[in-house]
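This is run38.tsv. It holds TSV, C-alpha atoms.
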chain	number	residue	atom	x	y	z
A	1006	MET	CA	-196.24	111.36	455.32
A	1007	TYR	CA	-196.22	109.50	452.01
A	1008	LYS	CA	-193.88	106.69	453.04
A	1009	PHE	CA	-196.71	104.22	452.49
A	1010	LEU	CA	-196.26	104.71	448.73
A	1011	PHE	CA	-193.15	102.53	448.96
A	1012	SER	CA	-195.11	99.62	450.37
A	1013	SER	CA	-195.68	96.57	448.15
A	1014	LYS	CA	-199.42	97.29	448.11
A	1015	TRP	CA	-199.10	100.82	446.74
A	1016	LEU	CA	-196.30	99.91	444.36
A	1017	GLY	CA	-198.66	97.28	442.97
A	1018	TYR	CA	-201.34	99.94	442.52
A	1019	LEU	CA	-198.82	102.16	440.71
A	1020	LEU	CA	-197.83	99.29	438.40
A	1021	LEU	CA	-201.47	98.62	437.52
A	1022	ALA	CA	-202.00	102.32	436.80
A	1023	ALA	CA	-198.93	102.36	434.53
A	1024	ILE	CA	-200.12	99.25	432.64
A	1025	PHE	CA	-203.59	100.72	432.18
A	1026	ALA	CA	-202.19	104.06	430.99
A	1027	THR	CA	-199.85	102.30	428.54
A	1028	GLY	CA	-202.81	100.43	427.08
A	1029	CYS	CA	-204.73	103.68	426.75
A	1030	VAL	CA	-201.81	105.32	424.93
A	1031	PHE	CA	-201.56	102.35	422.56
A	1032	LEU	CA	-205.29	102.50	421.76
A	1033	GLY	CA	-205.16	106.26	421.36
A	1034	ARG	CA	-202.29	106.03	418.89
A	1035	TRP	CA	-204.08	103.25	417.02
A	1036	GLN	CA	-207.08	105.54	416.59
A	1037	MET	CA	-204.78	108.33	415.40
A	1038	ASP	CA	-203.24	105.97	412.82
A	1039	ARG	CA	-206.70	105.02	411.59
A	1040	ARG	CA	-207.60	108.70	411.33
A	1041	ALA	CA	-204.45	109.33	409.28
A	1042	GLU	CA	-205.46	106.52	406.90
A	1043	THR	CA	-208.97	107.94	406.60
A	1044	LEU	CA	-207.65	111.45	405.89
A	1045	ALA	CA	-205.32	110.04	403.25
A	1046	GLU	CA	-208.26	108.27	401.60
A	1047	ILE	CA	-210.31	111.48	401.68
A	1048	GLN	CA	-207.39	113.32	400.07
A	1049	ARG	CA	-207.19	110.70	397.31
A	1050	VAL	CA	-210.91	110.98	396.64
A	1051	THR	CA	-210.74	114.78	396.62
A	1052	SER	CA	-207.79	114.82	394.23
A	1053	ASN	CA	-208.68	111.97	391.85
A	1054	TYR	CA	-212.38	111.14	391.90
A	1055	SER	CA	-213.61	113.98	389.68
A	1056	ALA	CA	-210.37	114.84	387.92
A	1057	THR	CA	-210.17	114.84	384.13
A	1058	PRO	CA	-209.81	111.24	382.85
A	1059	ILE	CA	-206.40	110.20	381.52
A	1060	THR	CA	-205.76	107.79	378.66
A	1061	PHE	CA	-204.94	104.10	379.06
A	1062	ALA	CA	-201.43	104.77	377.74
A	1063	GLU	CA	-200.86	107.23	380.61
A	1064	ALA	CA	-202.30	104.82	383.16
A	1065	ARG	CA	-200.75	101.63	381.78
A	1066	GLY	CA	-198.27	101.20	384.62
A	1067	GLN	CA	-201.02	101.52	387.24
A	1068	PHE	CA	-202.72	98.40	385.88
A	1069	ASP	CA	-199.51	96.49	386.66
A	1070	GLN	CA	-199.08	97.92	390.15
A	1071	LEU	CA	-201.40	100.62	391.42
A	1072	ASP	CA	-199.78	103.46	393.35
A	1073	PRO	CA	-202.01	104.06	396.42
A	1074	SER	CA	-201.92	107.80	395.72
A	1075	ARG	CA	-203.47	107.13	392.27
A	1076	GLU	CA	-206.50	105.22	393.54
A	1077	TRP	CA	-209.79	106.64	392.18
A	1078	THR	CA	-207.95	108.17	389.18
A	1079	GLN	CA	-210.27	108.31	386.17
A	1080	VAL	CA	-209.06	106.50	383.04
A	1081	ARG	CA	-210.68	106.42	379.61
A	1082	LEU	CA	-210.69	102.95	377.99
A	1083	GLN	CA	-211.78	101.82	374.53
A	1084	GLY	CA	-212.54	98.23	373.66
A	1085	THR	CA	-215.17	95.50	373.91
A	1086	TYR	CA	-216.72	93.60	376.82
A	1087	ASP	CA	-216.20	89.83	377.03
A	1088	VAL	CA	-219.71	88.87	378.09
A	1089	ASP	CA	-218.76	85.19	378.46
A	1090	GLY	CA	-216.25	86.14	381.14
A	1091	GLN	CA	-218.78	88.11	383.18
A	1092	ARG	CA	-219.00	87.20	386.89
A	1093	ILE	CA	-220.91	88.41	389.92
A	1094	VAL	CA	-219.08	89.02	393.19
A	1095	ARG	CA	-220.81	87.77	396.32
A	1096	ASN	CA	-221.43	89.49	399.65
A	1097	ARG	CA	-221.15	93.10	398.53
A	1098	PRO	CA	-223.38	95.22	400.79
A	1099	LEU	CA	-224.32	98.74	399.75
A	1100	ASN	CA	-225.96	101.22	402.13
A	1101	GLY	CA	-226.66	98.37	404.51
A	1102	GLN	CA	-228.35	96.19	401.88
A	1103	PRO	CA	-226.90	92.80	400.82
A	1104	GLY	CA	-226.13	92.29	397.16
A	1105	TYR	CA	-223.59	91.61	394.42
A	1106	GLU	CA	-221.27	93.44	392.06
A	1107	VAL	CA	-220.90	92.70	388.35
A	1108	VAL	CA	-217.38	92.38	386.91
A	1109	VAL	CA	-216.64	91.95	383.20
A	1110	PRO	CA	-213.34	91.58	381.31
A	1111	PHE	CA	-212.75	94.48	378.90
A	1112	LYS	CA	-210.54	93.76	375.89
A	1113	LEU	CA	-208.56	96.76	374.69
A	1114	ALA	CA	-207.43	97.47	371.13
A	1115	SER	CA	-203.86	96.77	372.26
A	1116	GLY	CA	-204.83	93.16	372.94
A	1117	GLU	CA	-204.58	93.58	376.72
A	1118	THR	CA	-207.53	92.94	379.02
A	1119	VAL	CA	-208.59	94.78	382.15
A	1120	VAL	CA	-211.51	94.17	384.49
A	1121	ILE	CA	-214.39	96.62	384.91
A	1122	ASP	CA	-216.77	96.56	387.86
A	1123	ARG	CA	-220.01	97.77	386.29
A	1124	GLY	CA	-222.04	98.30	389.47
A	1125	TRP	CA	-224.19	96.78	392.21
A	1126	LEU	CA	-227.21	94.44	392.16
A	1127	PRO	CA	-229.56	93.60	395.04
A	1128	ILE	CA	-230.12	90.03	396.17
A	1129	GLY	CA	-232.74	88.17	394.15
A	1130	ASN	CA	-236.20	86.94	395.13
A	1131	LYS	CA	-236.45	84.10	392.61
A	1132	THR	CA	-233.35	81.99	393.18
A	1133	PRO	CA	-231.50	82.01	396.51
A	1134	GLY	CA	-227.87	83.10	396.24
A	1135	ARG	CA	-228.27	84.89	392.91
A	1136	PRO	CA	-229.65	88.20	391.64
A	1137	ASP	CA	-232.89	87.97	389.70
A	1138	SER	CA	-231.16	89.26	386.55
A	1139	VAL	CA	-227.77	90.57	385.47
A	1140	PRO	CA	-227.91	93.45	382.95
A	1141	ALA	CA	-225.78	92.79	379.86
A	1142	PRO	CA	-223.04	95.30	378.98
A	1143	PRO	CA	-223.16	97.20	375.67
A	1144	SER	CA	-222.03	95.21	372.65
A	1145	GLY	CA	-219.44	96.29	370.10
A	1146	GLN	CA	-216.90	99.05	370.63
A	1147	VAL	CA	-217.39	100.86	373.92
A	1148	THR	CA	-215.69	103.86	375.48
A	1149	ALA	CA	-215.68	103.42	379.25
A	1150	VAL	CA	-214.48	105.83	381.91
A	1151	VAL	CA	-213.40	103.95	385.04
A	1152	ARG	CA	-211.86	104.78	388.39
A	1153	LEU	CA	-208.84	102.74	389.43
A	1154	LYS	CA	-209.14	100.35	392.37
A	1155	HIS	CA	-206.74	97.84	393.91
A	1156	SER	CA	-207.08	94.11	393.35
A	1157	GLU	CA	-208.61	92.48	396.41
A	1158	PRO	CA	-207.04	89.72	398.54
A	1159	THR	CA	-207.94	86.06	398.18
A	1160	LEU	CA	-210.70	84.87	400.50
A	1161	GLN	CA	-210.54	81.34	401.82
A	1162	ARG	CA	-214.06	80.47	400.76
A	1163	GLY	CA	-215.63	79.16	397.61
A	1164	ALA	CA	-218.31	80.58	395.36
A	1165	PRO	CA	-220.94	79.01	393.10
A	1166	GLU	CA	-220.31	78.74	389.37
A	1167	GLY	CA	-220.33	82.15	387.70
A	1168	GLN	CA	-219.55	83.93	390.96
A	1169	LEU	CA	-216.44	85.21	392.75
A	1170	ALA	CA	-215.77	85.50	396.47
A	1171	SER	CA	-213.75	88.70	395.93
A	1172	ILE	CA	-212.25	90.76	393.10
A	1173	ASP	CA	-209.02	88.77	393.26
A	1174	LEU	CA	-207.64	89.51	389.80
A	1175	PRO	CA	-204.99	86.73	389.60
A	1176	ALA	CA	-207.60	84.13	390.62
A	1177	TYR	CA	-210.08	85.64	388.15
A	1178	ALA	CA	-207.47	85.41	385.36
A	1179	ALA	CA	-206.78	81.76	386.20
A	1180	GLU	CA	-210.50	81.02	385.97
A	1181	LEU	CA	-210.86	82.79	382.61
A	1182	GLY	CA	-207.90	81.03	381.07
A	1183	TYR	CA	-206.33	84.12	379.49
A	1184	PRO	CA	-204.16	86.91	380.95
A	1185	LEU	CA	-205.52	89.97	382.70
A	1186	LEU	CA	-203.78	93.08	383.94
A	1187	THR	CA	-203.90	92.28	387.65
A	1188	GLY	CA	-202.46	95.40	389.31
A	1189	ALA	CA	-205.79	97.24	389.32
A	1190	TYR	CA	-209.35	97.10	388.03
A	1191	GLY	CA	-211.72	99.88	387.03
A	1192	GLN	CA	-214.92	100.88	388.82
A	1193	LEU	CA	-217.29	102.10	386.12
A	1194	ALA	CA	-218.07	105.83	386.00
A	1195	SER	CA	-219.69	105.98	382.54
A	1196	GLU	CA	-219.83	104.07	379.25
A	1197	THR	CA	-220.66	105.07	375.67
A	1198	PRO	CA	-222.90	103.86	374.18
A	1199	PRO	CA	-224.90	103.29	377.36
A	1200	ALA	CA	-226.56	99.95	378.08
A	1201	ALA	CA	-230.36	99.72	378.07
A	1202	VAL	CA	-230.31	98.49	381.68
A	1203	THR	CA	-227.38	99.02	384.01
A	1204	PRO	CA	-226.48	97.89	387.53
A	1205	GLN	CA	-226.84	100.48	390.23
A	1206	PRO	CA	-223.93	102.99	390.08
A	1207	PHE	CA	-221.59	103.24	393.01
A	1208	PRO	CA	-222.07	106.21	395.36
A	1209	VAL	CA	-219.36	108.77	395.98
A	1210	PRO	CA	-217.01	107.48	398.70
A	1211	SER	CA	-217.62	108.89	402.15
A	1212	MET	CA	-215.71	112.07	402.97
A	1213	ASP	CA	-216.39	111.80	406.70
A	1214	GLU	CA	-213.28	111.21	408.79
A	1215	GLY	CA	-215.37	109.52	411.49
A	1216	THR	CA	-214.84	109.58	415.24
A	1217	HIS	CA	-211.20	108.47	415.35
A	1218	LEU	CA	-209.96	111.81	416.73
A	1219	SER	CA	-212.50	111.95	419.56
A	1220	TYR	CA	-211.84	108.30	420.45
A	1221	SER	CA	-208.08	108.86	420.53
A	1222	LEU	CA	-208.48	111.89	422.82
A	1223	GLN	CA	-210.74	109.87	425.09
A	1224	TRP	CA	-208.14	107.09	425.41
A	1225	PHE	CA	-205.39	109.58	426.20
A	1226	ALA	CA	-207.65	111.21	428.79
A	1227	PHE	CA	-208.39	107.82	430.40
A	1228	GLY	CA	-204.63	107.21	430.74
A	1229	ILE	CA	-204.13	110.58	432.46
A	1230	LEU	CA	-207.17	110.14	434.71
A	1231	MET	CA	-205.77	106.84	435.96
A	1232	PHE	CA	-202.79	108.67	437.46
A	1233	VAL	CA	-205.07	111.42	438.75
A	1234	ALA	CA	-207.14	108.77	440.51
A	1235	PHE	CA	-203.98	107.20	441.93
A	1236	GLY	CA	-202.80	110.59	443.25
A	1237	TYR	CA	-206.21	111.30	444.77
A	1238	ALA	CA	-206.27	107.90	446.50
A	1239	ALA	CA	-202.75	108.48	447.86
A	1240	ARG	CA	-203.71	111.94	449.15
A	1241	GLN	CA	-206.78	110.53	450.89
A	1242	GLN	CA	-204.68	107.78	452.44
A	1243	ALA	CA	-202.15	110.33	453.72
A	1244	ARG	CA	-204.93	112.58	455.04
A	1245	ASN	CA	-206.61	109.71	456.87
A	1246	ALA	CA	-203.27	108.62	458.35
A	1247	ALA	CA	-202.62	112.19	459.58
A	1248	LEU	CA	-206.07	112.36	461.18
A	1249	ASP	CA	-205.53	109.01	462.87
A	1250	ALA	CA	-202.19	110.21	464.22
A	1251	GLU	CA	-203.77	113.41	465.58
A	1252	ASP	CA	-206.55	111.43	467.26
A	1253	ALA	CA	-204.03	109.05	468.83
A	1254	GLU	CA	-201.90	111.98	470.07
A	1255	ALA	CA	-204.94	113.69	471.58
A	1256	ALA	CA	-206.00	110.48	473.33
A	1257	ASP	CA	-202.48	109.97	474.76
A	1258	GLY	CA	-202.39	113.57	476.00
A	1259	GLU	CA	-205.75	113.25	477.74
A	1260	LEU	CA	-204.68	110.03	479.42
A	1261	ALA	CA	-201.42	111.60	480.66
A	1262	HIS	CA	-203.27	114.66	481.97
A	1263	THR	CA	-205.68	112.44	483.91
A	1264	ALA	CA	-202.82	110.47	485.48
A	1265	ALA	CA	-200.91	113.64	486.48
A	1266	GLY	CA	-204.02	115.15	488.06
A	1267	ALA	CA	-204.50	112.05	490.15
A	1268	ARG	CA	-200.91	112.32	491.47
A	1269	ARG	CA	-201.26	116.02	492.51
A	1270	ARG	CA	-204.62	115.67	494.36
A	1271	PRO	CA	-204.27	116.92	498.08
A	1272	PRO	CA	-204.98	114.42	500.89
A	1273	ALA	CA	-208.41	114.52	502.46
A	1274	PRO	CA	-208.52	116.45	505.82
A	1275	ARG	CA	-208.48	114.30	508.92
A	1276	LYS	CA	-211.45	114.40	511.30
A	1277	ARG	CA	-210.69	116.10	514.64
A	1278	LYS	CA	-211.43	114.19	517.89
A	1279	ARG	CA	-213.94	116.00	520.19
A	1280	PRO	CA	-212.38	116.69	523.76
A	1281	THR	CA	-213.92	115.00	526.84
A	1282	ALA	CA	-215.41	116.93	529.89
A	1283	GLU	CA	-212.32	116.29	532.00
A	1284	GLU	CA	-210.05	117.62	529.28
A	1285	GLU	CA	-212.19	120.75	529.01
A	1286	GLU	CA	-212.06	121.28	532.82
A	1287	ASP	CA	-208.25	120.87	532.93
A	1288	ALA	CA	-207.91	123.34	530.13
A	1289	ILE	CA	-209.96	125.95	532.08
A	1290	LEU	CA	-207.94	125.47	535.27
A	1291	ASP	CA	-204.71	125.84	533.31
A	1292	ALA	CA	-205.96	129.08	531.92
A	1293	GLN	CA	-206.75	130.44	535.44
A	1294	GLY	CA	-203.33	129.50	536.83
A	1295	TYR	CA	-204.28	126.73	539.07
Just give me the structure as structure tokens.
Amino acid sequence: MYKFLFSSKWLGYLLLAAIFATGCVFLGRWQMDRRAETLAEIQRVTSNYSATPITFAEARGQFDQLDPSREWTQVRLQGTYDVDGQRIVRNRPLNGQPGYEVVVPFKLASGETVVIDRGWLPIGNKTPGRPDSVPAPPSGQVTAVVRLKHSEPTLQRGAPEGQLASIDLPAYAAELGYPLLTGAYGQLASETPPAAVTPQPFPVPSMDEGTHLSYSLQWFAFGILMFVAFGYAARQQARNAALDAEDAEAADGELAHTAAGARRRPPAPRKRKRPTAEEEEDAILDAQGY
């Protein structure tokens, strides 16, 4: 009944279904991996974002190479801002609005220098490609609480003077001409004394895991439905073939019955010949004995 499944046509259909289902599984697993990354980020934010700040001495190793599990850890720093080394970072949207971020070297009492991202500025209306103004950081000794962030990759694009394409700490250090700790930078949480005017603070990172789980389940379902559709099509093909066979058998039976009936039909009766007057007279004489 299902021998047609071994034909080249249906084997080709099965191969296409398998390829499609494999692609769906790959996409579903990719969405699951992205969900796992998002959940890990949420866990880091939950654990580190509002935790009690640690000292620079405790966090020193993270500024050489930041452990991903320590991202968003709060660190208390004491030192002075190097205003001459201040830069703005281009193409930094916030809540759907284009803008910039302000990064400033922060010289510690130990003689080492880290980078602090002080916040966000909207695009300017006076000069294209620049904010209207960049608030100056506090002067003198400052106590800053920052949250650790990874150095960003190099972008293959330039930036105007006084600007950076990304927070690429090694490239920033080369531009400044003196060493920086390049394993991590700090996103500003608070500073004492506060500046008269500050960039816009960064919002709390999103805690929404997104739609990765629903998308992954949808891809897995699409892979399963492909085989369901293949099975349904095969069943319909088998059903149609069975109906065609029944119709052909019924037609053959009717034709045979018609032929057999024609062979068994009795011959038509022959017409009798009416006797003449002489034959009738001879028959009467024979009956009377003459």
Quick one: of A:Leu1218, A:Ile1128, A:Leu1010, A:Leu1153, who's nearest to Gln1242 in chain A, counting all atoms listed in the file?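 Ranked by minimum distance to Gln1242 in chain A, first place goes to A:Leu1010.
Across the structure, CA of Arg1152 in chain A and CA of Val1107 in chain A are spaced 15.1 Å apart.
Restricting the calculation to all atoms listed in the file, the smallest distance between Gln1205 in chain A and any of A:Ala1243, A:Leu1126, A:Leu1032, A:Leu1185 is found for A:Leu1126.
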Would you kindly return, as number ranges by chain, each protein, DNA or RNA residue with an atom no farther than 10 Å from any atom of Met1231 in chain A, considering all atoms listed in the file and excluding same-chain residues fewer than 2 positions away? A: 1019, 1021-1023, 1025-1026, 1029, 1226-1229, 1233-1237
Interatomic distance, CA of Thr1085 in chain A to CA of Ile1059 in chain A (Å, one decimal):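 Atom-to-atom, CA of Thr1085 in chain A to CA of Ile1059 in chain A, that is 18.7 Å.
Taking CA of Ala1176 in chain A and CA of Val1151 in chain A as the two end points, the separation is 21.4 Å.
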Quick one: residues within 9 Å of Leu1160 in chain A, all atoms listed in the file counted, chain neighbours fewer than 6 positions away excluded, as a VMD selection string? chain A and resid 1170 to 1171 1173
Within 8 Å of range 1192-1198 of chain A, counting all atoms listed in the file, which residues show up once you throw out same-chain ones fewer than 4 positions away? Write them as a PyMOL selection string, please. chain A and resi 1121-1124+1143+1147-1154+1206
Counting all atoms listed in the file, which residue out of A:Leu1260, A:Ala1141, A:Leu1248, A:Ala1189 sits closest to Thr1203 in chain A?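 Of all the options, A:Ala1141 lies closest to Thr1203 in chain A.
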Which residue is closest to Ala1114 in chain A? Choose from A:Val1094, A:Ala1062, A:Val1209, A:Leu1099 and count all atoms listed in the file. A:Ala1062
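Taking all atoms listed in the file into account, Asp1072 in chain A lies nearest to A:His1155 out of the set A:Lys1014, A:Arg1135, A:Lys1008, A:His1155.
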Which residue of A:Thr1187, A:Gln1091, A:Thr1118, A:Asn1130 approaches Pro1175 in chain A most closely, using only C-alpha atoms: A:Thr1187
